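So this block is my_file_35.cif, mmCIF, C-alpha atoms:
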```
data_work
#
loop_
_atom_site.label_atom_id
_atom_site.label_comp_id
_atom_site.auth_asym_id
_atom_site.auth_seq_id
_atom_site.Cartn_x
_atom_site.Cartn_y
_atom_site.Cartn_z
CA MET A 175 147.43 174.70 48.56
CA GLU A 176 150.20 176.76 50.14
CA LEU A 177 152.76 174.26 48.94
CA GLU A 178 151.52 174.48 45.37
CA LYS A 179 151.82 178.27 45.42
CA LYS A 180 155.35 177.98 46.75
CA ILE A 181 156.24 175.57 44.00
CA ILE A 182 154.95 177.94 41.36
CA ARG A 183 156.64 180.95 42.90
CA TYR A 184 160.12 179.47 43.53
CA VAL A 185 160.64 176.16 41.84
CA ALA A 186 159.18 177.04 38.47
CA PRO A 187 161.42 180.10 37.80
CA ALA A 188 164.44 178.11 38.98
CA PHE A 189 163.45 175.34 36.63
CA ILE A 190 163.11 177.72 33.68
CA PHE A 191 166.45 179.29 34.57
CA VAL A 192 168.17 175.90 34.53
CA ILE A 193 166.61 175.02 31.16
CA VAL A 194 167.80 178.29 29.63
CA ALA A 195 171.29 177.84 31.10
CA ILE A 196 171.56 174.32 29.67
CA PHE A 197 170.34 175.61 26.33
CA ILE A 198 172.99 178.34 26.20
CA TYR A 199 175.69 175.92 27.36
CA ASN A 200 174.70 173.56 24.57
CA LEU A 201 174.79 176.35 22.00
CA ALA A 202 178.33 177.27 23.03
CA SER A 203 179.70 173.76 23.33
CA HIS A 204 178.21 172.55 20.07
CA GLY A 205 179.74 175.42 18.19
CA TRP A 206 176.53 177.28 17.42
CA ILE A 207 178.11 180.32 18.96
CA PRO A 208 181.24 180.36 16.81
CA HIS A 209 184.62 180.15 18.53
CA PRO A 210 186.30 183.60 18.50
CA GLY A 211 189.30 182.13 16.64
CA LYS A 212 187.18 180.55 13.93
CA SER A 213 186.75 183.56 11.68
CA THR A 214 190.45 184.45 11.92
CA TYR A 215 191.31 180.86 11.03
CA GLN A 216 188.97 180.86 8.06
CA VAL A 217 190.21 184.16 6.69
CA GLN A 218 193.94 183.82 7.43
CA CYS A 219 194.75 180.12 7.43
CA ALA A 220 192.09 177.99 5.75
CA GLN A 221 193.04 178.90 2.18
CA CYS A 222 196.26 176.98 2.76
CA HIS A 223 195.66 174.55 5.61
CA GLY A 224 192.04 173.77 4.67
CA ASP A 225 188.77 174.23 6.60
CA LYS A 226 189.36 170.99 8.48
CA GLY A 227 193.12 171.48 8.88
CA GLU A 228 193.79 168.79 6.29
CA GLY A 229 196.54 170.65 4.35
CA ILE A 230 197.22 170.22 0.61
CA ARG A 231 199.07 167.08 -0.39
CA VAL A 232 202.83 167.50 0.28
CA LEU A 233 202.70 171.27 -0.38
CA ILE A 234 200.99 172.48 2.81
CA PRO A 235 201.22 170.45 6.03
CA PRO A 236 198.10 169.41 7.93
CA LEU A 237 197.26 171.03 11.26
CA LYS A 238 194.86 168.27 12.24
CA SER A 239 196.70 166.11 14.81
CA SER A 240 200.03 167.63 13.73
CA ASP A 241 202.71 166.11 15.98
CA PHE A 242 205.09 168.89 14.94
CA ALA A 243 202.74 171.63 16.14
CA ILE A 244 201.74 169.80 19.32
CA GLN A 245 205.37 169.10 20.29
CA ASN A 246 206.55 172.62 19.44
CA PHE A 247 203.41 174.28 20.74
CA ASP A 248 205.29 177.19 22.37
CA SER A 249 206.81 178.19 19.03
CA ILE A 250 203.50 178.70 17.22
CA PRO A 251 203.28 182.46 17.99
CA CYS A 252 206.76 182.93 16.48
CA TRP A 253 205.95 180.86 13.39
CA LEU A 254 202.95 183.05 12.71
CA ARG A 255 204.91 186.25 13.31
CA HIS A 256 208.09 185.36 11.39
CA GLY A 257 207.00 182.56 9.10
CA ILE A 258 208.72 179.19 8.64
CA SER A 259 211.33 178.79 5.93
CA HIS A 260 213.09 175.53 6.60
CA GLU A 261 212.25 171.88 6.11
CA ILE A 262 209.91 170.42 8.73
CA VAL A 263 208.49 166.94 9.34
CA VAL A 264 204.79 166.66 10.15
CA ASN A 265 203.38 163.24 11.00
CA GLY A 266 206.26 161.50 9.28
CA GLN A 267 206.05 163.51 6.06
CA SER A 268 208.61 166.18 5.26
CA PHE A 269 207.50 169.59 3.99
CA ASN A 270 209.60 172.40 2.59
CA GLN A 271 207.54 175.29 1.31
CA PRO A 272 207.88 178.67 3.02
CA MET A 273 205.06 179.94 5.18
CA TYR A 274 205.21 183.73 5.14
CA PRO A 275 204.65 185.91 8.22
CA ILE A 276 200.99 186.60 8.90
CA LYS A 277 199.97 189.97 10.32
CA LEU A 278 197.89 189.25 13.42
CA ASP A 279 197.77 190.94 16.81
CA ASP A 280 198.27 189.14 20.14
CA ILE A 281 194.55 188.63 20.70
CA GLN A 282 193.95 187.19 17.23
CA VAL A 283 196.92 184.84 17.65
CA ALA A 284 195.63 183.68 21.07
CA ASN A 285 192.16 183.08 19.63
CA VAL A 286 193.42 181.19 16.61
CA ILE A 287 195.72 179.00 18.75
CA ASN A 288 192.85 178.21 21.11
CA TYR A 289 190.72 177.35 18.10
CA MET A 290 193.42 174.97 16.83
CA ASN A 291 193.75 173.44 20.30
CA LYS A 292 190.10 172.58 20.31
CA GLU A 293 189.63 171.61 16.65
CA PHE A 294 192.96 170.07 15.67
CA PHE A 295 195.14 169.32 18.68
CA HIS A 296 192.52 167.54 20.82
CA SER A 297 193.35 169.71 23.83
CA ASP A 298 191.36 171.87 26.25
CA LYS A 299 194.34 174.11 26.91
CA GLU A 300 193.45 177.82 26.74
CA ILE A 301 196.23 180.36 26.29
CA SER A 302 195.98 184.13 26.70
CA SER A 303 197.16 187.12 24.69
CA ALA A 304 199.67 187.81 27.51
CA TRP A 305 201.18 184.37 26.89
CA VAL A 306 201.45 185.20 23.17
CA ARG A 307 203.27 188.49 23.95
CA GLU A 308 205.61 186.61 26.29
CA ARG A 309 206.37 183.98 23.62
CA TRP A 310 207.09 186.70 21.06
CA LYS A 311 209.93 187.95 23.29
CA HIS A 312 211.67 184.60 22.84
CA CYS A 313 211.50 184.22 19.06
CA GLU A 314 214.77 183.00 17.58
CA GLN A 315 215.31 185.75 15.01
CA MET B 100 139.76 179.94 -25.48
CA ARG B 101 141.13 178.97 -22.11
CA PHE B 102 142.85 175.96 -23.58
CA SER B 103 144.56 177.90 -26.35
CA LEU B 104 145.81 180.42 -23.81
CA PHE B 105 147.26 177.55 -21.83
CA LEU B 106 148.85 176.17 -24.99
CA LEU B 107 150.35 179.56 -25.81
CA LEU B 108 151.81 179.89 -22.33
CA ALA B 109 153.14 176.35 -22.51
CA ILE B 110 154.84 177.06 -25.83
CA ILE B 111 156.39 180.30 -24.54
CA TYR B 112 157.55 178.44 -21.45
CA LEU B 113 159.06 175.55 -23.36
CA THR B 114 160.81 177.57 -26.05
CA GLY B 115 162.07 179.90 -23.33
CA CYS B 116 163.69 176.92 -21.73
CA ASN B 117 165.26 175.68 -24.90
CA SER B 118 166.82 178.90 -26.05
CA GLY B 119 168.89 179.60 -22.93
CA GLY B 120 170.80 177.76 -20.30
CA ASP B 121 172.71 175.03 -22.04
CA LYS B 122 175.09 177.04 -24.18
CA LEU B 123 177.93 179.06 -22.76
CA PRO B 124 178.37 182.68 -23.82
CA VAL B 125 181.37 183.80 -25.86
CA LEU B 126 183.22 186.46 -23.87
CA GLY B 127 185.44 189.38 -24.86
CA PHE B 128 184.67 192.19 -27.29
CA LYS B 129 183.81 191.33 -30.86
CA THR B 130 185.60 192.99 -33.75
CA THR B 131 184.48 193.33 -37.34
CA GLU B 132 186.26 192.18 -40.39
CA VAL B 133 185.66 192.90 -44.04
CA ARG B 134 185.62 189.72 -46.06
CA GLU B 135 185.03 188.87 -49.65
CA VAL B 136 182.21 186.43 -50.30
CA ASN B 137 181.43 185.54 -53.93
CA GLY B 138 183.16 188.65 -55.19
CA GLN B 139 181.23 190.92 -52.80
CA GLN B 140 182.58 192.64 -49.75
CA VAL B 141 180.72 191.79 -46.54
CA ILE B 142 181.25 192.92 -42.98
CA ASP B 143 181.42 190.06 -40.55
CA SER B 144 181.70 190.11 -36.78
CA VAL B 145 184.60 188.17 -35.34
CA ASP B 146 184.75 186.70 -31.83
CA TYR B 147 187.60 187.63 -29.53
CA THR B 148 190.22 184.90 -29.37
CA VAL B 149 193.30 184.49 -27.19
CA PRO B 150 196.67 184.54 -28.95
CA GLY B 151 199.09 181.63 -29.24
CA PHE B 152 202.35 181.27 -27.29
CA THR B 153 205.36 179.04 -26.84
CA PHE B 154 206.47 178.19 -23.31
CA ILE B 155 208.25 175.34 -21.51
CA ASP B 156 206.57 173.05 -18.97
CA GLN B 157 207.79 171.19 -15.88
CA ASP B 158 209.21 168.36 -17.99
CA SER B 159 211.04 170.76 -20.36
CA ASN B 160 208.48 170.05 -23.06
CA THR B 161 207.54 172.85 -25.41
CA VAL B 162 203.90 173.81 -25.13
CA ASN B 163 202.45 175.76 -28.06
CA ALA B 164 199.56 175.89 -30.52
CA ALA B 165 200.14 172.28 -31.54
CA THR B 166 199.69 171.09 -27.94
CA LEU B 167 196.34 172.86 -27.78
CA GLN B 168 194.98 171.82 -31.15
CA ASN B 169 191.33 170.77 -30.74
CA LYS B 170 191.58 170.95 -26.95
CA ILE B 171 189.38 172.68 -24.45
CA TYR B 172 191.60 174.21 -21.80
CA VAL B 173 191.55 175.91 -18.44
CA ALA B 174 194.23 178.50 -17.72
CA ASP B 175 195.36 180.24 -14.56
CA PHE B 176 198.26 182.41 -13.41
CA PHE B 177 200.31 181.59 -10.30
CA PHE B 178 203.86 181.37 -8.94
CA THR B 179 205.43 178.74 -6.74
CA SER B 180 206.44 181.08 -3.90
CA CYS B 181 203.02 182.74 -3.82
CA PRO B 182 202.06 183.18 -0.17
CA SER B 183 198.41 184.00 -0.58
CA ILE B 184 195.84 182.52 -2.95
CA CYS B 185 197.86 180.07 -5.06
CA PRO B 186 197.77 177.05 -2.75
CA LYS B 187 193.99 177.24 -2.72
CA MET B 188 193.88 177.68 -6.51
CA MET B 189 196.12 174.65 -6.90
CA LYS B 190 193.89 172.62 -4.61
CA GLU B 191 190.87 173.54 -6.74
CA MET B 192 192.72 172.83 -10.00
CA LEU B 193 193.59 169.40 -8.57
CA ARG B 194 189.85 168.72 -8.36
CA VAL B 195 189.50 169.57 -12.05
CA SER B 196 192.51 167.43 -12.93
CA ASP B 197 191.17 164.50 -10.89
CA LYS B 198 187.82 164.68 -12.63
CA TYR B 199 189.22 164.78 -16.19
CA LYS B 200 192.25 162.60 -15.51
CA ASN B 201 191.97 160.39 -18.58
CA ASP B 202 190.16 162.81 -20.86
CA ASN B 203 192.52 163.82 -23.67
CA ARG B 204 190.14 166.53 -24.87
CA ILE B 205 191.09 168.63 -21.84
CA VAL B 206 194.32 170.51 -21.07
CA LEU B 207 195.16 172.53 -17.96
CA LEU B 208 197.68 175.38 -18.07
CA SER B 209 199.20 177.20 -15.11
CA PHE B 210 201.39 180.09 -16.21
CA SER B 211 204.05 181.27 -13.76
CA ILE B 212 204.16 185.04 -13.43
CA ASP B 213 207.54 184.72 -11.69
CA PRO B 214 209.37 182.84 -14.46
CA ALA B 215 212.83 184.00 -13.40
CA ARG B 216 212.56 182.10 -10.11
CA ASP B 217 210.20 179.43 -11.39
CA THR B 218 212.66 177.44 -13.43
CA VAL B 219 211.78 174.07 -14.94
CA ALA B 220 213.42 172.35 -11.96
CA ARG B 221 211.41 174.38 -9.50
CA LEU B 222 208.14 173.75 -11.34
CA LYS B 223 208.95 170.05 -11.34
CA GLU B 224 209.56 170.11 -7.59
CA TYR B 225 206.27 171.97 -7.05
CA CYS B 226 204.43 169.39 -9.15
CA GLY B 227 205.95 166.69 -6.97
CA LYS B 228 204.56 168.37 -3.85
CA LEU B 229 201.13 168.54 -5.45
CA GLY B 230 201.25 165.02 -6.82
CA ILE B 231 200.82 166.20 -10.44
CA VAL B 232 201.98 163.21 -12.42
CA ASP B 233 200.32 163.53 -15.82
CA SER B 234 202.30 166.27 -17.51
CA LYS B 235 200.44 165.66 -20.76
CA GLN B 236 197.31 167.14 -19.26
CA TRP B 237 198.47 169.71 -16.73
CA HIS B 238 201.34 171.94 -17.78
CA LEU B 239 202.99 174.39 -15.39
CA LEU B 240 204.65 176.90 -17.66
CA THR B 241 207.64 179.19 -17.56
CA GLY B 242 209.20 181.38 -20.23
CA ASN B 243 209.86 184.97 -21.14
CA LYS B 244 208.47 187.25 -18.47
CA ASP B 245 207.17 189.97 -20.76
CA SER B 246 205.42 187.42 -22.96
CA ILE B 247 203.69 185.91 -19.92
CA TYR B 248 202.56 189.30 -18.63
CA SER B 249 201.22 190.35 -22.01
CA LEU B 250 199.49 186.99 -22.33
CA ALA B 251 197.73 187.57 -18.99
CA LYS B 252 196.48 190.87 -20.36
CA GLN B 253 195.14 189.14 -23.44
CA TYR B 254 193.35 186.60 -21.28
CA LEU B 255 191.79 189.73 -19.73
CA VAL B 256 193.11 189.07 -16.21
CA SER B 257 195.49 191.09 -14.06
CA ALA B 258 199.07 190.19 -13.20
CA ALA B 259 201.75 192.59 -12.06
CA GLU B 260 204.90 192.90 -10.03
CA ASP B 261 204.35 194.79 -6.80
CA PRO B 262 207.06 194.96 -4.17
CA ASP B 263 204.48 195.75 -1.48
CA ALA B 264 202.38 192.67 -2.13
CA PRO B 265 203.17 189.45 -0.28
CA GLY B 266 205.52 187.46 -2.51
CA GLY B 267 206.19 190.52 -4.70
CA HIS B 268 203.43 189.92 -7.24
CA ILE B 269 199.72 190.54 -7.49
CA HIS B 270 197.51 188.55 -9.75
CA SER B 271 193.97 187.45 -10.24
CA GLY B 272 192.79 184.09 -8.96
CA ASN B 273 190.63 183.44 -12.01
CA PHE B 274 190.38 180.20 -13.91
CA ILE B 275 189.69 180.93 -17.56
CA LEU B 276 187.84 178.47 -19.78
CA ILE B 277 188.88 178.47 -23.45
CA ASP B 278 187.19 176.48 -26.22
CA THR B 279 188.75 174.65 -29.17
CA GLN B 280 188.52 177.84 -31.25
CA LYS B 281 190.48 179.82 -28.63
CA ARG B 282 187.43 181.79 -27.53
CA ILE B 283 186.99 182.71 -23.86
CA ARG B 284 183.87 180.96 -22.56
CA GLY B 285 183.99 181.66 -18.84
CA TYR B 286 185.78 183.10 -15.82
CA TYR B 287 185.68 181.33 -12.45
CA ASP B 288 187.07 182.22 -9.05
CA GLY B 289 189.79 179.61 -8.53
CA THR B 290 189.78 180.22 -4.78
CA LYS B 291 186.11 179.28 -4.36
CA GLU B 292 184.90 175.71 -4.36
CA GLU B 293 181.39 176.54 -5.70
CA SER B 294 182.82 178.53 -8.57
CA VAL B 295 185.14 175.70 -9.62
CA THR B 296 182.26 173.22 -9.40
CA LYS B 297 180.42 175.51 -11.83
CA LEU B 298 183.50 175.49 -14.07
CA MET B 299 183.38 171.69 -14.25
CA LYS B 300 179.67 171.80 -15.14
CA ASP B 301 180.45 174.32 -17.88
CA MET B 302 183.31 172.15 -19.17
CA ASP B 303 180.84 169.29 -19.57
CA LEU B 304 178.52 171.59 -21.52
CA LEU B 305 181.37 172.72 -23.72
CA LEU B 306 182.46 169.15 -24.40
CA ASN B 307 178.97 168.41 -25.70
CA GLU B 308 178.72 171.56 -27.79
CA LYS B 309 178.69 171.09 -31.54
#
```
Could you show the structure in this file as structure tokens?
Amino acid sequence: MELEKKIIRYVAPAFIFVIVAIFIYNLASHGWIPHPGKSTYQVQCAQCHGDKGEGIRVLIPPLKSSDFAIQNFDSIPCWLRHGISHEIVVNGQSFNQPMYPIKLDDIQVANVINYMNKEFFHSDKEISSAWVRERWKHCEQ
Amino acid sequence: MRFSLFLLLAIIYLTGCNSGGDKLPVLGFKTTEVREVNGQQVIDSVDYTVPGFTFIDQDSNTVNAATLQNKIYVADFFFTSCPSICPKMMKEMLRVSDKYKNDNRIVLLSFSIDPARDTVARLKEYCGKLGIVDSKQWHLLTGNKDSIYSLAKQYLVSAAEDPDAPGGHIHSGNFILIDTQKRIRGYYDGTKEESVTKLMKDMDLLLNEK
């Protein structure tokens, strides 16, 4: 009898707590709580690069699995700040259409890069807004 | 009594269905015209129509009234260095062009509002990037700047130079549907997938219209 009471008093709440925690974890990891970079991506990038990062033919390069972006990862904050206006090669295909500077603050850039990491670059890497500010100091122009 | 009420309702319901829905409206303000019919003067209302033009496309072909004779066409305004909405508009227009690829009743027109920079060579290059191969159906057009701007006005959409805007120009992202009689039959948001899907439905309706 005593044991049963103990179970109800301690084990049951712990059990419910674990269920709720798993539920919330699932929500977050399955994207039901949207990634903070998602809305920035959809508003600022998707009209060109596409919702799934697929790009548009040979006009706009894909972000999905882009070797160019993955290899030059550290330059992404500068590309967004200053644009890209020279020929580039993405996954074996050359592109030459200017991307204009996009007005975003350090936090938005960090969020959107983390979103791309997860969705397009197959990476768990998380960068911070401080990293973005640091990278901006080393832009080439 | 109950049956006839049911019949009445059924008739109202059915005729209601038939009268609407499957015919597109004619847009733009109507004007009136005095005509002579059998020696008598009558006042007739005239639908708004878009004016003709002569411009050059990506293959240096002249595009004018003759090109558009008996065609249904979709028009939009863009420029190749447009940093904002044009890529998305082009992507949506590609869907239209893919669907009506071999249909010679349809023409697509993209007018450049930056004709000084958008030379024939540049339009051709842009077409290459987009994979536009059939220049008989989809014409990217350049020509006299003032004529293009006044044409945009007559298609009832906005286009203007604005040094503060990204790319130096502002313009509407509308796709405009024009029938064989040059009447405007619909406006669609060329940056929205749903809206362009609606455009293609409306094009099918228009193709079946007598």
Q.
Between atom CA of Lys292 of chain A and atom CA of Ile184 of chain B, what distance in Å does the model show, to one decimal?
A.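 If I compute the distance from atom CA of Lys292 of chain A to atom CA of Ile184 of chain B, I get 25.9 Å.
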key: Nearby residues (only C-alpha atoms) at most 12 Å from Asp280 of chain A, same-chain spacing under 4 positions excluded, as a list in words   =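 Contacts, in chain order: Gly211, Pro251, Cys252, Leu254, Arg255, Ile276, Ala284, Asn285, Val286, Ile287, Ile301, Ser302, Ser303, Ala304, Trp305, Val306, Arg307, Glu308, Arg309 and Trp310 of chain A.
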Please identify every residue of chain A that has at least one atom no farther than 7 Å from an atom of chain B, counting all atoms listed in the file, and for each give the shortest atom pair and the distance in Å to one decimal, arranged by chain then increasing number, as a tab-separated table.
```
residue	atom	partner	partner_atom	distance
A:Gln221	CA	B:Lys187	CA	5.3
A:Cys222	CA	B:Pro186	CA	5.7
A:Ile230	CA	B:Lys190	CA	6.6
A:Arg231	CA	B:Leu229	CA	5.7
A:Val232	CA	B:Lys228	CA	4.6
A:Leu233	CA	B:Lys228	CA	4.9
A:Met273	CA	B:Pro182	CA	6.9
A:Tyr274	CA	B:Pro182	CA	6.2
```
As AutoDock Vina command-line options: centre and edge lengths in Å, one decimal, of the axis-aligned box holding segment 130-143 of chain B with 3 Å per side:
```
--center_x 183.5 --center_y 189.4 --center_z -44.5 --size_x 11.5 --size_y 13.8 --size_z 27.4
```
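The spacing separating atom CA of Val217 of chain A from atom CA of Phe178 of chain B amounts to 20.9 Å.
For the atom pair formed by atom CA of Ile281 of chain A and atom CA of Val264 of chain A, the distance is 26.4 Å, given to one decimal.
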Shell of 9 Å around Leu208 of chain B, all atoms listed in the file, local chain residues under 4 positions omitted, as a short mmCIF file (atom, residue, chain, number, x, y, z; two decimals) with C-alpha atoms, in the frame of the given file:
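Generated file (result.cif):
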```cif
data_model
loop_
_atom_site.label_atom_id
_atom_site.label_comp_id
_atom_site.auth_asym_id
_atom_site.auth_seq_id
_atom_site.Cartn_x
_atom_site.Cartn_y
_atom_site.Cartn_z
CA TYR B 172 191.60 174.21 -21.80
CA VAL B 173 191.55 175.91 -18.44
CA ALA B 174 194.23 178.50 -17.72
CA ASP B 175 195.36 180.24 -14.56
CA PHE B 176 198.26 182.41 -13.41
CA GLN B 236 197.31 167.14 -19.26
CA TRP B 237 198.47 169.71 -16.73
CA HIS B 238 201.34 171.94 -17.78
CA LEU B 239 202.99 174.39 -15.39
CA LEU B 240 204.65 176.90 -17.66
#
```
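Only residues having an atom at most 10 Å from (208.1, 169.6, 11.9) are included; using all atoms listed in the file, these are A:Pro235, A:Ser240, A:Asp241, A:Phe242, A:Ala243, A:Ile244, A:Gln245, A:Asn246, A:His260, A:Glu261, A:Ile262, A:Val263, A:Val264, A:Asn265, A:Gly266, A:Gln267, A:Ser268, A:Phe269, A:Asn270.
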Given the file shown, enumerate the residues that the PyMOL selection byres ((chain B and resi 167) around 12) captures and present them as a VMD selection string. chain B and resid 150 to 153 161 to 166 168 to 174 203 to 208 235 to 238 277 to 281
How about saving the chosen residues, C-alpha atoms kept, as a PDB file, in the frame of the given file?
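To be explicit, this is the file written out as again_1.pdb:
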```pdb
ATOM      1  CA  PRO B 150     196.670 184.540 -28.950  1.00  0.00           C
ATOM      2  CA  GLY B 151     199.090 181.630 -29.240  1.00  0.00           C
ATOM      3  CA  PHE B 152     202.350 181.270 -27.290  1.00  0.00           C
ATOM      4  CA  THR B 153     205.360 179.040 -26.840  1.00  0.00           C
ATOM      5  CA  THR B 161     207.540 172.850 -25.410  1.00  0.00           C
ATOM      6  CA  VAL B 162     203.900 173.810 -25.130  1.00  0.00           C
ATOM      7  CA  ASN B 163     202.450 175.760 -28.060  1.00  0.00           C
ATOM      8  CA  ALA B 164     199.560 175.890 -30.520  1.00  0.00           C
ATOM      9  CA  ALA B 165     200.140 172.280 -31.540  1.00  0.00           C
ATOM     10  CA  THR B 166     199.690 171.090 -27.940  1.00  0.00           C
ATOM     11  CA  GLN B 168     194.980 171.820 -31.150  1.00  0.00           C
ATOM     12  CA  ASN B 169     191.330 170.770 -30.740  1.00  0.00           C
ATOM     13  CA  LYS B 170     191.580 170.950 -26.950  1.00  0.00           C
ATOM     14  CA  ILE B 171     189.380 172.680 -24.450  1.00  0.00           C
ATOM     15  CA  TYR B 172     191.600 174.210 -21.800  1.00  0.00           C
ATOM     16  CA  VAL B 173     191.550 175.910 -18.440  1.00  0.00           C
ATOM     17  CA  ALA B 174     194.230 178.500 -17.720  1.00  0.00           C
ATOM     18  CA  ASN B 203     192.520 163.820 -23.670  1.00  0.00           C
ATOM     19  CA  ARG B 204     190.140 166.530 -24.870  1.00  0.00           C
ATOM     20  CA  ILE B 205     191.090 168.630 -21.840  1.00  0.00           C
ATOM     21  CA  VAL B 206     194.320 170.510 -21.070  1.00  0.00           C
ATOM     22  CA  LEU B 207     195.160 172.530 -17.960  1.00  0.00           C
ATOM     23  CA  LEU B 208     197.680 175.380 -18.070  1.00  0.00           C
ATOM     24  CA  LYS B 235     200.440 165.660 -20.760  1.00  0.00           C
ATOM     25  CA  GLN B 236     197.310 167.140 -19.260  1.00  0.00           C
ATOM     26  CA  TRP B 237     198.470 169.710 -16.730  1.00  0.00           C
ATOM     27  CA  HIS B 238     201.340 171.940 -17.780  1.00  0.00           C
ATOM     28  CA  ILE B 277     188.880 178.470 -23.450  1.00  0.00           C
ATOM     29  CA  ASP B 278     187.190 176.480 -26.220  1.00  0.00           C
ATOM     30  CA  THR B 279     188.750 174.650 -29.170  1.00  0.00           C
ATOM     31  CA  GLN B 280     188.520 177.840 -31.250  1.00  0.00           C
ATOM     32  CA  LYS B 281     190.480 179.820 -28.630  1.00  0.00           C
TER      33      LYS B 281
END
```
Restricting to only C-alpha atoms, whichever of A:Pro272, A:Lys212, A:Gly229, A:Ser249 is closest to Glu293 of chain A is A:Lys212
_Hits of the PyMOL selection byres ((chain B and resi 123-126) around 6) in this structure, as a list in words_ = Lys122, Gly127, Ile283 and Arg284 of chain B
Spatial neighbours of Asp261 of chain B, max dist 12 Å, only C-alpha atoms, sep filter under 6 positions, as a list in words
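These residues fall inside the cut-off: Ile212, Asp213, Gly267, His268, Ile269 and His270 of chain B.
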Item to complete: Quick one: everything within 10 Å of Ser246 of chain B, counting all atoms listed in the file, minus sequence neighbours fewer than 3 positions away in the same chain. Send it as a list in words.
Response: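 My list of contacting residues is Phe152, Thr153, Phe154, Ile212, Gly242, Asn243, Ser249, Leu250, Ala251 and Lys252 of chain B.
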Open item on the list: When the PyMOL selection byres ((chain B and resi 130) around 7) is applied to the structure above, which residues does it catch, written out as number ranges by chain?
Closed with: B: 128-129, 131-132, 144-146
Set the distance at 7 Å and use only C-alpha atoms: which residues neighbour Pro236 of chain A once local chain neighbours fewer than 5 positions away are removed? I'd like the list as a compact mmCIF listing (two decimals) with C-alpha atoms, keeping the file's coordinate frame.
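This went into around-v4.txt:
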```
# COMPACT_ATOMS: atom_id res chain seq x y z
CA HIS A 223 195.66 174.55 5.61
CA GLY A 227 193.12 171.48 8.88
CA GLU A 228 193.79 168.79 6.29
CA GLY A 229 196.54 170.65 4.35
```
